[in-house]
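> The file below is coords.cif, mmCIF, C-alpha atoms and all ligand atoms:
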```
data_entry
#
loop_
_atom_site.group_PDB
_atom_site.id
_atom_site.type_symbol
_atom_site.label_atom_id
_atom_site.label_comp_id
_atom_site.auth_asym_id
_atom_site.auth_seq_id
_atom_site.Cartn_x
_atom_site.Cartn_y
_atom_site.Cartn_z
ATOM 1 C CA MET A 30 147.385 -81.841 54.133
ATOM 2 C CA ALA A 31 147.571 -85.154 55.909
ATOM 3 C CA THR A 32 146.653 -88.166 53.824
ATOM 4 C CA GLN A 33 143.220 -89.586 54.551
ATOM 5 C CA VAL A 34 141.647 -92.923 53.699
ATOM 6 C CA HIS A 35 137.878 -93.439 53.697
ATOM 7 C CA ALA A 36 135.946 -96.682 53.316
ATOM 8 C CA ILE A 37 132.856 -96.565 51.098
ATOM 9 C CA GLN A 38 130.471 -99.500 51.296
ATOM 10 C CA THR A 39 128.993 -100.343 47.910
ATOM 11 C CA GLY A 40 126.417 -102.880 49.075
ATOM 12 C CA SER A 41 126.986 -106.413 50.327
ATOM 13 C CA VAL A 42 127.722 -109.834 48.972
ATOM 14 C CA ARG A 43 127.465 -113.391 50.181
ATOM 15 C CA VAL A 44 129.241 -116.434 48.820
ATOM 16 C CA LYS A 45 129.625 -120.064 49.767
ATOM 17 C CA THR A 46 131.762 -120.707 52.842
ATOM 18 C CA ALA A 47 134.095 -122.869 50.739
ATOM 19 C CA GLN A 48 134.976 -119.729 48.761
ATOM 20 C CA LEU A 49 136.143 -117.798 51.820
ATOM 21 C CA ARG A 50 138.287 -120.602 53.132
ATOM 22 C CA GLY A 51 139.327 -123.100 50.486
ATOM 23 C CA ARG A 52 138.750 -126.800 51.029
ATOM 24 C CA GLY A 53 140.814 -129.543 49.431
ATOM 25 C CA ARG A 54 143.464 -129.036 46.769
ATOM 26 C CA GLY A 55 143.756 -128.090 43.127
ATOM 27 C CA MET A 56 140.644 -128.218 40.967
ATOM 28 C CA ALA A 57 138.663 -129.917 43.748
ATOM 29 C CA ARG A 58 139.079 -126.747 45.794
ATOM 30 C CA GLN A 59 137.411 -124.628 43.128
ATOM 31 C CA LEU A 60 134.638 -127.186 42.589
ATOM 32 C CA ALA A 61 133.937 -127.330 46.337
ATOM 33 C CA ILE A 62 132.233 -123.934 46.011
ATOM 34 C CA PHE A 63 129.598 -125.509 43.773
ATOM 35 C CA THR A 64 128.824 -128.410 46.100
ATOM 36 C CA ASP A 65 128.866 -126.380 49.313
ATOM 37 C CA PRO A 66 125.265 -125.683 50.408
ATOM 38 C CA GLN A 67 126.373 -123.240 53.110
ATOM 39 C CA TRP A 68 126.209 -119.487 52.456
ATOM 40 C CA SER A 69 128.464 -117.066 54.287
ATOM 41 C CA GLU A 70 126.999 -114.173 56.245
ATOM 42 C CA TRP A 71 126.412 -111.000 54.229
ATOM 43 C CA LEU A 72 129.775 -109.310 53.752
ATOM 44 C CA PRO A 73 130.411 -105.668 52.917
ATOM 45 C CA THR A 74 131.943 -104.693 49.585
ATOM 46 C CA TYR A 75 134.177 -101.709 50.207
ATOM 47 C CA ALA A 76 135.785 -99.291 47.838
ATOM 48 C CA PHE A 77 138.254 -96.793 49.282
ATOM 49 C CA VAL A 78 138.971 -93.110 48.733
ATOM 50 C CA ILE A 79 142.461 -91.754 49.340
ATOM 51 C CA GLY A 80 142.520 -88.003 49.930
ATOM 52 C CA HIS A 81 146.096 -86.969 49.141
ATOM 53 C CA GLU A 82 147.644 -83.594 48.499
ATOM 54 C CA GLU A 83 148.385 -84.741 44.936
ATOM 55 C CA GLY A 84 144.718 -85.542 44.367
ATOM 56 C CA ILE A 85 141.913 -87.976 45.086
ATOM 57 C CA PHE A 86 142.481 -91.649 44.335
ATOM 58 C CA VAL A 87 139.763 -94.296 44.346
ATOM 59 C CA VAL A 88 140.635 -97.929 45.023
ATOM 60 C CA ASP A 89 138.178 -100.270 43.291
ATOM 61 C CA ALA A 90 134.804 -99.227 41.908
ATOM 62 C CA GLY A 91 132.674 -101.585 43.993
ATOM 63 C CA GLN A 92 129.362 -103.163 43.048
ATOM 64 C CA GLY A 93 127.023 -101.886 40.337
ATOM 65 C CA LEU A 94 123.238 -102.231 40.128
ATOM 66 C CA HIS A 95 123.519 -104.561 37.119
ATOM 67 C CA LEU A 96 124.750 -107.238 39.561
ATOM 68 C CA LEU A 97 121.221 -107.510 40.986
ATOM 69 C CA ARG A 98 120.299 -109.354 37.777
ATOM 70 C CA HIS A 99 123.033 -111.957 38.238
ATOM 71 C CA ARG A 100 120.537 -114.840 38.382
ATOM 72 C CA GLN A 101 119.968 -114.308 34.657
ATOM 73 C CA SER A 102 123.638 -114.878 33.931
ATOM 74 C CA ILE A 103 124.665 -117.911 31.900
ATOM 75 C CA HIS A 104 127.844 -118.129 33.955
ATOM 76 C CA PRO A 105 127.276 -120.871 36.583
ATOM 77 C CA TYR A 106 129.238 -119.065 39.284
ATOM 78 C CA LEU A 107 127.353 -115.776 38.867
ATOM 79 C CA ARG A 108 124.040 -117.594 38.522
ATOM 80 C CA TRP A 109 124.253 -119.882 41.524
ATOM 81 C CA GLU A 110 127.202 -119.197 43.802
ATOM 82 C CA VAL A 111 127.047 -115.504 44.672
ATOM 83 C CA ASP A 112 124.385 -113.080 45.848
ATOM 84 C CA PHE A 113 124.405 -109.266 45.970
ATOM 85 C CA ARG A 114 122.591 -106.520 47.838
ATOM 86 C CA LEU A 115 122.822 -102.921 46.747
ATOM 87 C CA ASP A 116 120.689 -99.780 46.871
ATOM 88 C CA PRO A 117 121.032 -97.200 44.091
ATOM 89 C CA GLU A 118 122.546 -94.626 46.453
ATOM 90 C CA GLU A 119 125.240 -97.138 47.444
ATOM 91 C CA GLU A 120 126.927 -97.179 44.043
ATOM 92 C CA ILE A 121 130.242 -95.393 44.000
ATOM 93 C CA GLY A 122 129.004 -92.349 42.056
ATOM 94 C CA PRO A 123 126.371 -91.316 44.644
ATOM 95 C CA ARG A 124 128.709 -92.291 47.479
ATOM 96 C CA LEU A 125 131.423 -89.949 46.164
ATOM 97 C CA ARG A 126 128.953 -87.110 45.561
ATOM 98 C CA ASN A 127 127.711 -87.512 49.140
ATOM 99 C CA MET A 128 131.281 -86.892 50.238
ATOM 100 C CA GLY A 129 131.380 -83.746 48.104
ATOM 101 C CA ILE A 130 133.562 -85.367 45.438
ATOM 102 C CA ALA A 131 132.553 -85.105 41.783
ATOM 103 C CA PRO A 132 133.546 -88.417 40.170
ATOM 104 C CA ARG A 133 135.336 -86.561 37.366
ATOM 105 C CA ALA A 134 137.525 -84.871 40.003
ATOM 106 C CA VAL A 135 139.072 -88.239 40.867
ATOM 107 C CA ARG A 136 142.652 -88.297 39.708
ATOM 108 C CA GLN A 137 143.061 -92.046 39.258
ATOM 109 C CA VAL A 138 141.168 -95.266 39.908
ATOM 110 C CA LEU A 139 143.416 -98.066 41.170
ATOM 111 C CA LEU A 140 141.905 -101.509 40.633
ATOM 112 C CA THR A 141 143.071 -104.417 42.785
ATOM 113 C CA HIS A 142 141.520 -106.733 40.195
ATOM 114 C CA LEU A 143 138.592 -106.777 37.802
ATOM 115 C CA HIS A 144 136.132 -109.144 39.480
ATOM 116 C CA VAL A 145 132.511 -108.048 39.143
ATOM 117 C CA ASP A 146 132.224 -106.580 42.634
ATOM 118 C CA HIS A 147 135.345 -104.450 42.143
ATOM 119 C CA ASP A 148 134.658 -102.987 38.692
ATOM 120 C CA GLY A 149 130.856 -102.674 38.925
ATOM 121 C CA GLY A 150 130.872 -98.884 39.349
ATOM 122 C CA LEU A 151 133.368 -98.072 36.609
ATOM 123 C CA ASN A 152 130.615 -96.589 34.425
ATOM 124 C CA GLN A 153 130.308 -93.835 37.042
ATOM 125 C CA LEU A 154 134.009 -93.084 36.846
ATOM 126 C CA ALA A 155 134.111 -92.943 33.047
ATOM 127 C CA GLY A 156 136.935 -90.776 31.753
ATOM 128 C CA VAL A 157 139.062 -91.149 34.887
ATOM 129 C CA GLN A 158 142.432 -92.767 34.274
ATOM 130 C CA THR A 159 142.306 -96.306 35.625
ATOM 131 C CA LEU A 160 145.171 -98.637 36.505
ATOM 132 C CA ALA A 161 145.177 -102.435 36.776
ATOM 133 C CA THR A 162 147.852 -105.047 36.206
ATOM 134 C CA SER A 163 148.454 -106.065 32.588
ATOM 135 C CA HIS A 164 147.811 -109.671 33.582
ATOM 136 C CA GLU A 165 144.394 -108.776 35.001
ATOM 137 C CA ILE A 166 143.424 -106.630 32.009
ATOM 138 C CA LYS A 167 144.279 -109.480 29.668
ATOM 139 C CA ALA A 168 142.455 -112.102 31.751
ATOM 140 C CA ALA A 169 139.265 -110.047 32.108
ATOM 141 C CA GLY A 170 138.749 -108.843 28.543
ATOM 142 C CA GLY A 171 136.707 -110.276 25.693
ATOM 143 C CA TRP A 172 134.880 -113.570 25.498
ATOM 144 C CA SER A 173 137.512 -115.494 27.405
ATOM 145 C CA GLY A 174 137.128 -112.984 30.234
ATOM 146 C CA GLN A 175 133.374 -113.591 30.265
ATOM 147 C CA LEU A 176 133.993 -117.338 30.445
ATOM 148 C CA ARG A 177 136.109 -116.688 33.525
ATOM 149 C CA GLY A 178 133.203 -114.828 35.149
ATOM 150 C CA TYR A 179 134.340 -111.264 34.415
ATOM 151 C CA LEU A 180 131.858 -108.766 32.943
ATOM 152 C CA PRO A 181 133.921 -106.756 30.422
ATOM 153 C CA HIS A 182 130.745 -105.824 28.499
ATOM 154 C CA ARG A 183 129.741 -103.751 31.548
ATOM 155 C CA TRP A 184 132.809 -101.535 31.291
ATOM 156 C CA PRO A 185 132.177 -98.040 29.944
ATOM 157 C CA GLY A 186 132.898 -97.673 26.232
ATOM 158 C CA SER A 187 135.804 -95.360 26.975
ATOM 159 C CA PHE A 188 137.392 -97.806 29.394
ATOM 160 C CA GLU A 189 141.051 -98.241 28.583
ATOM 161 C CA PRO A 190 142.852 -99.287 31.727
ATOM 162 C CA ARG A 191 146.523 -98.461 31.906
ATOM 163 C CA PRO A 192 148.731 -101.414 32.850
ATOM 164 C CA ILE A 193 150.532 -100.766 36.151
ATOM 165 C CA PRO A 194 154.183 -100.181 35.220
ATOM 166 C CA PHE A 195 155.742 -102.139 38.074
ATOM 167 C CA GLU A 196 159.408 -101.432 38.663
ATOM 168 C CA SER A 197 162.014 -103.566 40.355
ATOM 169 C CA GLU A 198 161.931 -101.309 43.387
ATOM 170 C CA ARG A 199 161.506 -103.288 46.570
ATOM 171 C CA PHE A 200 158.819 -102.459 49.130
ATOM 172 C CA GLY A 201 159.379 -104.601 52.231
ATOM 173 C CA PRO A 202 158.861 -108.243 51.216
ATOM 174 C CA PHE A 203 157.580 -107.237 47.761
ATOM 175 C CA THR A 204 160.276 -107.294 45.076
ATOM 176 C CA SER A 205 158.499 -104.926 42.711
ATOM 177 C CA SER A 206 156.286 -101.912 43.201
ATOM 178 C CA TYR A 207 154.890 -98.827 41.509
ATOM 179 C CA ARG A 208 154.781 -95.398 43.107
ATOM 180 C CA VAL A 209 151.379 -93.888 42.401
ATOM 181 C CA THR A 210 152.211 -90.515 43.934
ATOM 182 C CA ARG A 211 155.295 -88.407 43.247
ATOM 183 C CA ALA A 212 155.847 -88.383 47.014
ATOM 184 C CA GLY A 213 156.093 -92.174 46.856
ATOM 185 C CA ASP A 214 153.681 -92.599 49.749
ATOM 186 C CA VAL A 215 150.938 -94.372 47.773
ATOM 187 C CA VAL A 216 152.352 -97.534 46.253
ATOM 188 C CA LEU A 217 150.955 -100.475 44.297
ATOM 189 C CA VAL A 218 152.418 -103.929 44.880
ATOM 190 C CA PRO A 219 151.605 -107.227 43.132
ATOM 191 C CA THR A 220 149.665 -109.594 45.406
ATOM 192 C CA PRO A 221 148.906 -112.529 43.084
ATOM 193 C CA GLY A 222 146.801 -115.427 44.279
ATOM 194 C CA HIS A 223 143.078 -114.695 44.378
ATOM 195 C CA THR A 224 143.648 -113.824 40.715
ATOM 196 C CA PRO A 225 147.056 -114.125 39.029
ATOM 197 C CA GLY A 226 147.040 -110.372 38.306
ATOM 198 C CA HIS A 227 145.835 -109.154 41.699
ATOM 199 C CA ALA A 228 147.460 -106.006 43.178
ATOM 200 C CA SER A 229 147.155 -104.130 46.479
ATOM 201 C CA VAL A 230 147.556 -100.488 47.463
ATOM 202 C CA LEU A 231 149.806 -99.329 50.312
ATOM 203 C CA VAL A 232 149.318 -95.885 51.837
ATOM 204 C CA GLU A 233 151.842 -94.248 54.157
ATOM 205 C CA MET A 234 149.648 -92.238 56.515
ATOM 206 C CA GLY A 235 152.445 -89.895 57.569
ATOM 207 C CA ASP A 236 151.433 -90.054 61.237
ATOM 208 C CA ALA A 237 153.763 -90.228 64.232
ATOM 209 C CA ASP A 238 153.372 -94.023 64.389
ATOM 210 C CA LYS A 239 154.384 -94.375 60.712
ATOM 211 C CA THR A 240 151.215 -96.331 60.008
ATOM 212 C CA LEU A 241 150.945 -98.136 56.696
ATOM 213 C CA VAL A 242 147.412 -98.857 55.438
ATOM 214 C CA MET A 243 147.003 -101.754 53.026
ATOM 215 C CA LEU A 244 143.958 -101.735 50.763
ATOM 216 C CA ALA A 245 144.191 -105.411 50.032
ATOM 217 C CA GLY A 246 141.266 -106.131 47.702
ATOM 218 C CA ASP A 247 140.661 -109.872 47.847
ATOM 219 C CA ALA A 248 144.252 -110.865 48.710
ATOM 220 C CA SER A 249 142.336 -112.566 51.520
ATOM 221 C CA TYR A 250 138.691 -112.110 52.468
ATOM 222 C CA THR A 251 139.493 -111.270 56.086
ATOM 223 C CA GLU A 252 142.483 -110.268 58.190
ATOM 224 C CA GLN A 253 142.302 -113.536 60.104
ATOM 225 C CA LEU A 254 142.560 -115.635 56.927
ATOM 226 C CA MET A 255 145.707 -113.677 56.042
ATOM 227 C CA ILE A 256 147.211 -114.306 59.495
ATOM 228 C CA ASP A 257 146.279 -117.974 59.234
ATOM 229 C CA GLY A 258 147.828 -118.148 55.760
ATOM 230 C CA LEU A 259 144.781 -119.917 54.302
ATOM 231 C CA ALA A 260 144.060 -119.649 50.578
ATOM 232 C CA ASP A 261 140.514 -118.910 49.447
ATOM 233 C CA GLY A 262 138.473 -121.275 47.285
ATOM 234 C CA VAL A 263 138.852 -119.390 43.981
ATOM 235 C CA SER A 264 142.634 -118.951 43.797
ATOM 236 C CA PRO A 265 143.828 -120.863 40.710
ATOM 237 C CA VAL A 266 147.111 -121.865 42.393
ATOM 238 C CA GLU A 267 146.940 -122.262 46.155
ATOM 239 C CA SER A 268 150.700 -121.949 46.731
ATOM 240 C CA VAL A 269 150.802 -118.541 44.997
ATOM 241 C CA THR A 270 148.130 -117.202 47.361
ATOM 242 C CA ILE A 271 149.870 -118.631 50.405
ATOM 243 C CA ALA A 272 153.195 -117.048 49.353
ATOM 244 C CA THR A 273 151.483 -113.654 49.018
ATOM 245 C CA LEU A 274 149.782 -113.996 52.407
ATOM 246 C CA ARG A 275 153.151 -114.800 53.952
ATOM 247 C CA LYS A 276 154.630 -111.597 52.486
ATOM 248 C CA ILE A 277 151.766 -109.555 53.897
ATOM 249 C CA ARG A 278 152.253 -111.161 57.300
ATOM 250 C CA ASP A 279 155.972 -110.427 57.135
ATOM 251 C CA LEU A 280 155.158 -106.796 56.373
ATOM 252 C CA ALA A 281 152.748 -106.687 59.336
ATOM 253 C CA VAL A 282 155.446 -108.080 61.618
ATOM 254 C CA SER A 283 158.077 -105.592 60.456
ATOM 255 C CA ARG A 284 155.962 -102.465 60.831
ATOM 256 C CA ARG A 285 152.603 -101.074 61.916
ATOM 257 C CA LEU A 286 150.262 -102.322 59.191
ATOM 258 C CA VAL A 287 146.504 -101.722 59.063
ATOM 259 C CA TYR A 288 145.188 -104.455 56.775
ATOM 260 C CA LEU A 289 141.888 -103.790 55.011
ATOM 261 C CA PRO A 290 140.409 -106.446 52.719
ATOM 262 C CA THR A 291 137.423 -105.464 50.561
ATOM 263 C CA HIS A 292 134.989 -107.856 52.252
ATOM 264 C CA ASP A 293 136.236 -107.974 55.847
ATOM 265 C CA PRO A 294 133.294 -106.924 58.088
ATOM 266 C CA LYS A 295 135.835 -105.277 60.413
ATOM 267 C CA SER A 296 137.761 -103.269 57.784
ATOM 268 C CA ALA A 297 135.929 -99.963 58.328
ATOM 269 C CA GLU A 298 136.254 -100.245 62.105
ATOM 270 C CA ARG A 299 139.990 -100.991 61.890
ATOM 271 C CA LEU A 300 140.448 -98.076 59.500
ATOM 272 C CA GLY A 301 138.637 -95.744 61.913
ATOM 273 C CA LYS A 302 140.980 -96.742 64.735
ATOM 274 C CA LEU A 303 144.040 -97.296 62.519
ATOM 275 C CA GLN A 304 144.222 -100.630 64.293
ATOM 276 C CA PRO A 305 147.237 -102.648 63.161
ATOM 277 C CA VAL A 306 147.354 -106.394 62.527
ATOM 278 C CA PHE A 307 149.710 -106.927 65.438
ATOM 279 C CA THR A 308 149.604 -104.668 68.464
ATOM 280 C CA GLU A 309 153.193 -105.439 69.433
ATOM 281 C CA PRO A 310 156.305 -105.851 67.285
ATOM 282 C CA HIS A 311 157.217 -109.306 65.956
ATOM 283 C CA GLY A 312 153.658 -110.550 65.605
ATOM 284 C CA GLY A 313 152.755 -110.443 69.287
ATOM 285 C CA GLY A 314 149.952 -108.658 71.087
ATOM 286 C CA SER A 315 146.759 -109.746 72.717
ATOM 287 C CA LYS A 316 144.343 -108.959 69.943
ATOM 288 C CA LYS A 317 144.568 -112.225 68.055
ATOM 289 C CA ALA A 318 144.596 -114.339 71.200
ATOM 290 C CA GLU A 319 141.021 -113.137 71.813
ATOM 291 C CA SER A 320 139.900 -114.153 68.367
ATOM 292 C CA PRO A 321 137.603 -117.164 68.149
ATOM 293 C CA ASP A 322 139.168 -117.975 64.806
ATOM 294 C CA THR A 323 142.694 -119.094 65.536
ATOM 295 C CA VAL A 324 143.088 -122.171 63.359
ATOM 296 C CA GLY A 325 146.634 -122.380 62.093
ATOM 297 C CA ARG A 326 147.708 -119.180 63.775
ATOM 298 C CA ILE A 327 150.535 -120.735 65.743
ATOM 299 C CA SER A 328 152.136 -122.237 62.669
ATOM 300 C CA ALA A 329 151.471 -119.019 60.762
ATOM 301 C CA GLN A 330 153.553 -117.050 63.228
ATOM 302 C CA SER A 331 156.398 -119.494 63.498
ATOM 303 C CA HIS A 332 158.823 -117.520 61.315
HETATM 304 ZN ZN ZN A 401 137.680 -111.073 43.703
#
```
Spell out the structure here as structure tokens.
Ligand SMILES: [Zn+2]

Amino acid sequence: MATQVHAIQTGSVRVKTAQLRGRGRGMARQLAIFTDPQWSEWLPTYAFVIGHEEGIFVVDAGQGLHLLRHRQSIHPYLRWEVDFRLDPEEEIGPRLRNMGIAPRAVRQVLLTHLHVDHDGGLNQLAGVQTLATSHEIKAAGGWSGQLRGYLPHRWPGSFEPRPIPFESERFGPFTSSYRVTRAGDVVLVPTPGHTPGHASVLVEMGDADKTLVMLAGDASYTEQLMIDGLADGVSPVESVTIATLRKIRDLAVSRRLVYLPTHDPKSAERLGKLQPVFTEPHGGGSKKAESPDTVGRISAQSH
């Protein structure tokens, strides 16, 4: 059976524009979100399903209905700086059942990170083994996690995520990785930046073009921001994000990479076409030249 990847939209989200593309440096960059009056457009929140001969894997659990009450939160970010849309049938449980997948039949849930729009549907995947980085699990748990804007009290009672046992096995520019499948064709790599414990999922599609699909979580909010090498407004350390984006770009230059961030409005379309970041080797191709959003692209491709 050929490996398949499906995008599932679990509602939409909008944030301040200074969150998508960071402004300023250091702490000022994070505070800019709070002073920015400008909302982004509504962005999709995708989770992904990997149909593999070793089983069904779900990447991120998406948004949950509890997020519609975020205005009651005492956390200033959740109260003022983010907005969600979601219908009950858009939660991951109903979405999976619509695809003919019983949530308990999922083999593993792979979490890129534990932000509220990525773990919101975990209660519908209760009992399924779940992986996240040890750094992320530690950062998100307990009271200190709540102070950081995580919602650990929304996790199912049985939730005991397994820390991803990264090994010093190289995958392209990434110096450590973890093989999720025995075949070694679904791989987790650390992509720190957006959060210090952020990870991404790489799927070898096994097609004639040797396409690699990257389920990138919030490594960047869009493909273009990755190409431009621009850190978002929530990354605690800008240089860590930029180093990760450079690795992803290097990977996209060295092979045919389909790059799918959680909130990129074009992710589902690119997945449908298996459309790579660069249409020609070495970062060339006409696709990006047509983009209206080319700030920094020339310097980004100068390697
Ligand atoms: Zn996030």
> Looking at all atoms listed in the file, which of A:His35, A:Lys302, A:Arg183, A:Lys167 is the one that sits closest to A:Leu151?
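Distance minimum relative to A:Leu151 lands on A:Arg183.
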> Expanded to explicit residues, what is the PyMOL selection byres (((chain A and resi 168) around 12) and not hetatm) for this file, as a list in words?
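Checking the PyMOL selection byres (((chain A and resi 168) around 12) and not hetatm) against this file, the residues are His142, Leu143, His144, Ala161, Thr162, Ser163, His164, Glu165, Ile166, Lys167, Ala169, Gly170, Gly171, Trp172, Ser173, Gly174, Gln175, Leu176, Arg177, Gly178, Tyr179, Leu180, Pro181, Thr224, Pro225, Gly226 and His227 of chain A.
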> Using the chain letters and numbers from this file, what does the PyMOL selection byres (((chain A and resi 74-81) around 9) and not hetatm) select? Give the answer as a PyMOL selection string.
chain A and resi 30-42+72-73+82-92+121+125+146-147+210+215+232+244+246+290-294+296-297
> In Å, rounded to a single decimal, give me how far atom CA of A:Arg191 is from atom CA of A:Asn127.
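Atom CA of A:Arg191 lies 27.8 Å from atom CA of A:Asn127.
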> Expressed in Å to a single decimal, how great is the separation between atom CA of A:Thr220 and atom CA of A:Phe203?
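Rounded to one decimal, the two atoms are 8.6 Å apart.
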> Could you tell me how far atom CA of A:Asp116 sits from atom CA of A:Leu94, in Å to one decimal place?
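According to the coordinates, atom CA of A:Leu94 and atom CA of A:Asp116 are separated by 7.6 Å.
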> Applying 9 Å and all atoms listed in the file, which residues near A:Ile271 remain after dropping the ones on its own chain fewer than 6 positions away? List them as a ChimeraX atom specification.
/A:222,255,258-260
> Rank nothing, just name the residue among A:Leu154, A:Thr64, A:Ile256, A:Tyr288 nearest to A:Arg275, using all atoms listed in the file.
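Smallest separation from A:Arg275 among the options: A:Ile256.
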> Ranking A:Val218, A:Leu49, A:Leu289, A:Leu107 by minimum distance to A:Val263 and counting all atoms listed in the file, which one comes first?
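Answer, going by the shortest atom-to-atom distance: A:Leu49.
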> For ligand ZN 401 (chain A), which residue out of A:Ala57, A:Val44, A:Leu231, A:Val157 is the nearest one, using all atoms listed in the file?
A:Val44
> Could you tell me which of A:His223, A:Arg299, A:Arg126, A:Lys239 comes closest to ligand ZN 401 (chain A) if we count all atoms listed in the file?
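Once distances to ligand ZN 401 (chain A) are computed over all atoms listed in the file, the minimum belongs to A:His223.
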> Measuring atom to atom with only C-alpha atoms, identify which of A:Gly235, A:Pro66, A:Tyr207, A:Thr270 is nearest to A:Tyr250.
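Comparing A:Gly235, A:Pro66, A:Tyr207, A:Thr270 against A:Tyr250, the winner is A:Thr270.
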> Which residues, written as a PyMOL selection string, have at least one atom at most 8 Å from A:Ser69, with all atoms listed in the file counted and residues fewer than 6 positions away on the same chain left out?
chain A and resi 43-46
